[in-house]
Amino acid sequence: MRDQGFGFESLEKLIARDSKFSFTMVLFVAVLVIFLNGVLSLSFVVGVFASVFYFFVGAAFLGRAFFGDEVLLVRFLFGGLVLLVFLGLVGWVVMIVNGLDVWMVTLALFVVAVGCSLSNRVVRRRVRREVA
Amino acid sequence: MSKRLVFGGLVFLFLVFFSLYLLVISRAGETHTVWEFMNPLFMPVFLALTLILAAMVFSPEGVRVKLVFVMLYCFVSVSFFAVVFPAGTLGSQQSVLGITQRLFFDGSVLHGWGGNVGDVFLRAYNWLSKPNFQSAFTMVFARMFGVDVFWVHLFLLPVLWGVFVPLIAFLVARTLKLSDRVAVLSGFFASAFPLLVFSGSISVPSSLGYVFFFGTLLFCLRYLVSGRSAALWWMVVLAFASFVSHFLTGILSVGFIVLVLALRRYEREKAGSGFVARYFLAVSFVVAVSLLPLALRFLQLVSVEFEVDFSLSNLQGLSVPEVVGLFFFGEYVNYSPWYALINLAGPLLGLAGVVYALLVSRGRDSFFGGRGVVLFLFLGFLVTFVDYTVLNMFMVNVPFSPRRVWVFMDLTLLPSAAFAVFGMVGFAWNKVSGVNVKLSGFSVRRVLSGGLGVLMLILLGGWIVASVFSAYPSFGPLQITSYELDAVRYLETASTGNYVVIGDQFVSLAGAMVVGVANPRAFYVSSSAFGLELFNEMKANPSVDVMVVAMSYTNASVAYFVVDKPRLDAGEFDRVVSAALNNGLQMLPVSFGDGKVVIFRYERL
């Protein structure tokens, strides 16, 4: 399957490079916006926007980290699937421990965001070491 | 991409949005089936959509775009219940929504559903067996998007299924070293198995588990092909996600992992001690097969809800031909021939594909991903088939329909069905290409190949549309109506303190979907056995005394009695309403559904 890119590939590379933790910060800001939206009940438009950013960056991190051999679309969608699995499992554990109110959902999102960023960094570093 | 593909893609996208629009305008407040008020334009548009996608699938270019189109198509085909019915289909998915609402609603239930019982083992069992994992998913998304749990729950499975089942089917086919066109066709076939369409259309834990089971199957195959530890790791993670979604899908995922590990060992050792390798594989197969029946049998050790046992009582009174039919075709033997054919066509084609690959792959490592992969798919099919047969014929009081096991068979055979269909089309195409006759200047080959293309499209498109059609029942009970939902939403907004509601079980179900199951602040009494008795008493003779008894259960200050015309017959409805008025009950000035639902109120002073 040929990978045509449409410019998404370079965007994905940029996200995965995560220079100076810029896209990790985007993830954290998305979590903050989701939290504020939950507490202040602003609008579902705000929530959808922040969530789309969260999924996009998180899926790019995980897709690059774990499915680097695949083509862009599959890599991205599989990153999304893994993000969903992690989010579900962390959410499930948090719910069992202390319910899932706005604070606990924020905690789950934050934990998964840190996991995405760390996975991306650790795997990238390992690949760089193997290449060297 | 050629201009033809771009044009076809634009038409396809237009038809996708048009068919979704037609589904939305077919949404009915009071309906029994999705077909009852379906816009007459929908099926022709859906057929056109299918034919265009079928034509595109067989073109050699634009694999990525076609895969996205297949996902969109799959989403449309599994979203009928969520879009057309006011609250999804009646049954367990609404009960799961009730539980999720209860966990979400006011934060009064901590530690998950069933997580407050004293017995530690029972608590752990509840965390794993109740719909906690799906509820956690729904709640996280609802908080993220800022959307009502109700909508997130309804569309959770259609969206996840629509995206990931065709994607995984595509990747499974590619892992089997099938061509891109067969891989896309494999994704397209996710809509050709009625049971898969039905499973994807309802938001229940088992459907979520199927998605993760299918992911496990993919990584099993990848592990078998590559032997990479990453594949093993993902296989285990997805099997765990499948297990916490639903124990049925989890146990079969574990069964498939046992099989794949045994096959890896068999592949390594068969050259040395062939007998030991074969013996180990046979033992592993028996273990994989036994996991589900034994787990069900021993469920009663942790929960008294179940009395599953092995028995021959299902076969009593059946003749030998009936037993043989039941063995080979399962419960489909009792269905109409047309319905059975539509349901069995996919699995039978898939089985034919696997058996063909099994015969041809001997000594050809590159064919169909290699001999080990073919053997794995065949053994996987056998595990699901034997488990289905045991549950269907030799076990009683199984807590779910054995038909759910059939879904695993469909998923396992999906790529090989695409392989079989593509092989048959290719065979016919080669035969036609060999014709080299001209009649009065006309090339017979061109006429034949054109005719074959049209015939293939009609057969394929017709089969898939018929599968989607038969996936959704053509008759059924009255679904939860929009005005029942309006009534319970009104009660929630109009009440300030604790209240109880006496109504039939449908009103209770609607209430659970809005305020959660057994919520002490907004308690729908018919969700319990004593509550049904109260409702029957109120129906026979509506009185304040019964409402006071209901209020005492949760110490509520207000009680409502909801009378629902479509659930009673018209004469009974009029009798109950006039009796309530005669007995001095106060009727609320609002009614719902043009007077089909009326509410009486009593407040303790």
# chains A, B, ... in the order shown; residues from 1 in each chain; ligands from 1
$ interface_residues --of "chain B" --to "chain A" --cutoff "9 Å" --atoms "only C-alpha atoms" --output "compact mmCIF listing (two decimals) with C-alpha atoms, in the first residue's frame"
# COMPACT_ATOMS: atom_id res chain seq x y z
CA GLY B 62 -6.47 4.21 -3.89
CA VAL B 63 -6.31 1.55 -1.17
CA ARG B 64 -6.26 4.06 1.71
CA LEU B 103 -22.54 5.47 37.97
CA PHE B 104 -22.36 8.86 36.25
CA ASP B 106 -24.59 12.12 40.89
CA GLY B 107 -21.38 10.38 41.87
CA SER B 108 -23.14 8.49 44.64
CA VAL B 109 -21.94 5.06 43.45
CA LEU B 110 -18.21 4.71 43.98
CA HIS B 111 -16.01 1.68 43.17
CA GLY B 112 -17.97 0.60 40.10
CA TRP B 113 -21.19 -1.36 39.70
CA GLY B 115 -18.14 -2.84 43.90
CA TRP B 127 -15.74 -5.56 38.48
CA ASN B 132 -18.02 -1.55 34.38
CA PHE B 133 -15.44 -1.36 31.63
CA GLN B 134 -17.91 -0.15 29.02
CA SER B 135 -19.41 2.26 31.53
CA ALA B 136 -15.93 3.67 32.23
CA PHE B 137 -15.45 4.21 28.48
CA THR B 138 -18.79 5.96 28.13
CA MET B 139 -18.26 8.13 31.20
CA VAL B 140 -14.77 9.22 30.16
CA PHE B 141 -16.00 10.17 26.67
CA ARG B 143 -16.90 14.04 30.35
CA MET B 144 -14.37 14.67 27.58
CA PHE B 145 -16.84 15.77 24.94
CA GLY B 146 -19.26 17.42 27.35
CA VAL B 147 -22.06 15.36 25.79
CA LEU B 160 -15.85 1.89 17.37
CA VAL B 163 -13.80 2.20 12.43
CA PHE B 164 -11.96 -0.76 13.90
CA LEU B 167 -9.56 -1.86 9.74
CA LEU B 171 -4.94 -5.87 8.41
CA ASP B 180 -4.72 -5.05 -1.22
CA PHE B 212 -10.85 -6.32 21.20
CA ALA B 230 5.73 -6.77 20.39
CA VAL B 237 -3.10 -6.35 26.24
CA LEU B 238 -6.04 -6.64 23.81
CA ALA B 241 -9.25 -5.45 27.38
CA VAL B 244 -12.72 -6.85 31.17
$ residues_around --residues "Leu49 (chain B)" --least-positions-apart "4" --cutoff "10 Å" --atoms "only C-alpha atoms" --output "mmCIF file with N, CA and C atoms, in the first residue's frame"
data_model
loop_
_atom_site.group_PDB
_atom_site.id
_atom_site.type_symbol
_atom_site.label_atom_id
_atom_site.label_comp_id
_atom_site.auth_asym_id
_atom_site.auth_seq_id
_atom_site.Cartn_x
_atom_site.Cartn_y
_atom_site.Cartn_z
ATOM 1 N N VAL B 11 -19.307 10.871 -5.308
ATOM 2 C CA VAL B 11 -20.690 10.355 -5.323
ATOM 3 C C VAL B 11 -20.926 9.509 -4.071
ATOM 4 N N PHE B 12 -19.923 8.691 -3.728
ATOM 5 C CA PHE B 12 -20.056 7.827 -2.545
ATOM 6 C C PHE B 12 -20.267 8.669 -1.285
ATOM 7 N N LEU B 13 -19.427 9.714 -1.130
ATOM 8 C CA LEU B 13 -19.553 10.555 0.076
ATOM 9 C C LEU B 13 -20.918 11.230 0.128
ATOM 10 N N PHE B 14 -21.383 11.700 -1.045
ATOM 11 C CA PHE B 14 -22.703 12.326 -1.086
ATOM 12 C C PHE B 14 -23.773 11.327 -0.628
ATOM 13 N N LEU B 15 -23.666 10.093 -1.137
ATOM 14 C CA LEU B 15 -24.673 9.082 -0.786
ATOM 15 C C LEU B 15 -24.589 8.684 0.691
ATOM 16 N N VAL B 16 -23.369 8.685 1.264
ATOM 17 C CA VAL B 16 -23.228 8.382 2.697
ATOM 18 C C VAL B 16 -23.989 9.422 3.515
ATOM 19 N N PHE B 18 -26.294 11.455 2.457
ATOM 20 C CA PHE B 18 -27.717 11.411 2.130
ATOM 21 C C PHE B 18 -28.403 10.252 2.870
ATOM 22 N N SER B 19 -27.742 9.099 2.921
ATOM 23 C CA SER B 19 -28.371 7.957 3.611
ATOM 24 C C SER B 19 -28.455 8.221 5.118
ATOM 25 N N MET B 43 -33.622 2.585 1.125
ATOM 26 C CA MET B 43 -33.048 1.332 0.606
ATOM 27 C C MET B 43 -32.466 1.502 -0.797
ATOM 28 N N PRO B 44 -33.158 2.201 -1.724
ATOM 29 C CA PRO B 44 -32.514 2.427 -3.031
ATOM 30 C C PRO B 44 -31.184 3.184 -2.909
ATOM 31 N N VAL B 45 -31.153 4.189 -2.020
ATOM 32 C CA VAL B 45 -29.903 4.959 -1.848
ATOM 33 C C VAL B 45 -28.821 4.062 -1.247
ATOM 34 N N LEU B 53 -19.530 1.252 -3.845
ATOM 35 C CA LEU B 53 -18.377 0.803 -3.047
ATOM 36 C C LEU B 53 -17.858 -0.543 -3.564
ATOM 37 N N ALA B 54 -18.792 -1.432 -3.945
ATOM 38 C CA ALA B 54 -18.365 -2.740 -4.469
ATOM 39 C C ALA B 54 -17.529 -2.554 -5.731
ATOM 40 N N TYR B 73 -18.936 3.176 5.353
ATOM 41 C CA TYR B 73 -20.056 2.296 4.984
ATOM 42 C C TYR B 73 -20.454 1.419 6.172
ATOM 43 N N GLY B 461 -23.371 -6.722 -4.196
ATOM 44 C CA GLY B 461 -24.144 -5.623 -3.601
ATOM 45 C C GLY B 461 -25.442 -6.138 -3.011
ATOM 46 N N VAL B 465 -26.490 -5.902 0.913
ATOM 47 C CA VAL B 465 -27.705 -5.165 1.310
ATOM 48 C C VAL B 465 -28.690 -6.117 2.005
#
$ closest_residue --among "B:Val468, B:Ala522, B:Val211, B:Val260" --to "Phe378 (chain B)" --atoms "only C-alpha atoms"
B:Val260
$ residues_around --residues "Val123 (chain A)" --least-positions-apart "6" --cutoff "10 Å" --atoms "only C-alpha atoms" --output "list of chain:residue names"
A:Leu62, A:Arg64, A:Ala65, A:Phe66, A:Gly68, A:Arg129
$ residues_around --residues "region 501-507 of chain B" --least-positions-apart "3" --cutoff "10 Å" --atoms "only C-alpha atoms" --output "PyMOL selection string"
chain B and resi 90+478-481+484-485+487-488+491+510-513+522-528+531-532+534-536+538-539+546-547+550-551+558-564+567-568+597+599-601
$ closest_residue --among "A:Arg128, A:Leu83, A:Leu32, A:Phe76" --to "Leu107 (chain A)" --atoms "only C-alpha atoms"
A:Leu32
$ atom_distance --atom1 "CA of Thr216 (chain B)" --atom2 "CA of Ser253 (chain B)"
6.5 Å
$ atom_distance --atom1 "CA of Ile168 (chain B)" --atom2 "CA of Glu12 (chain A)"
21.7 Å
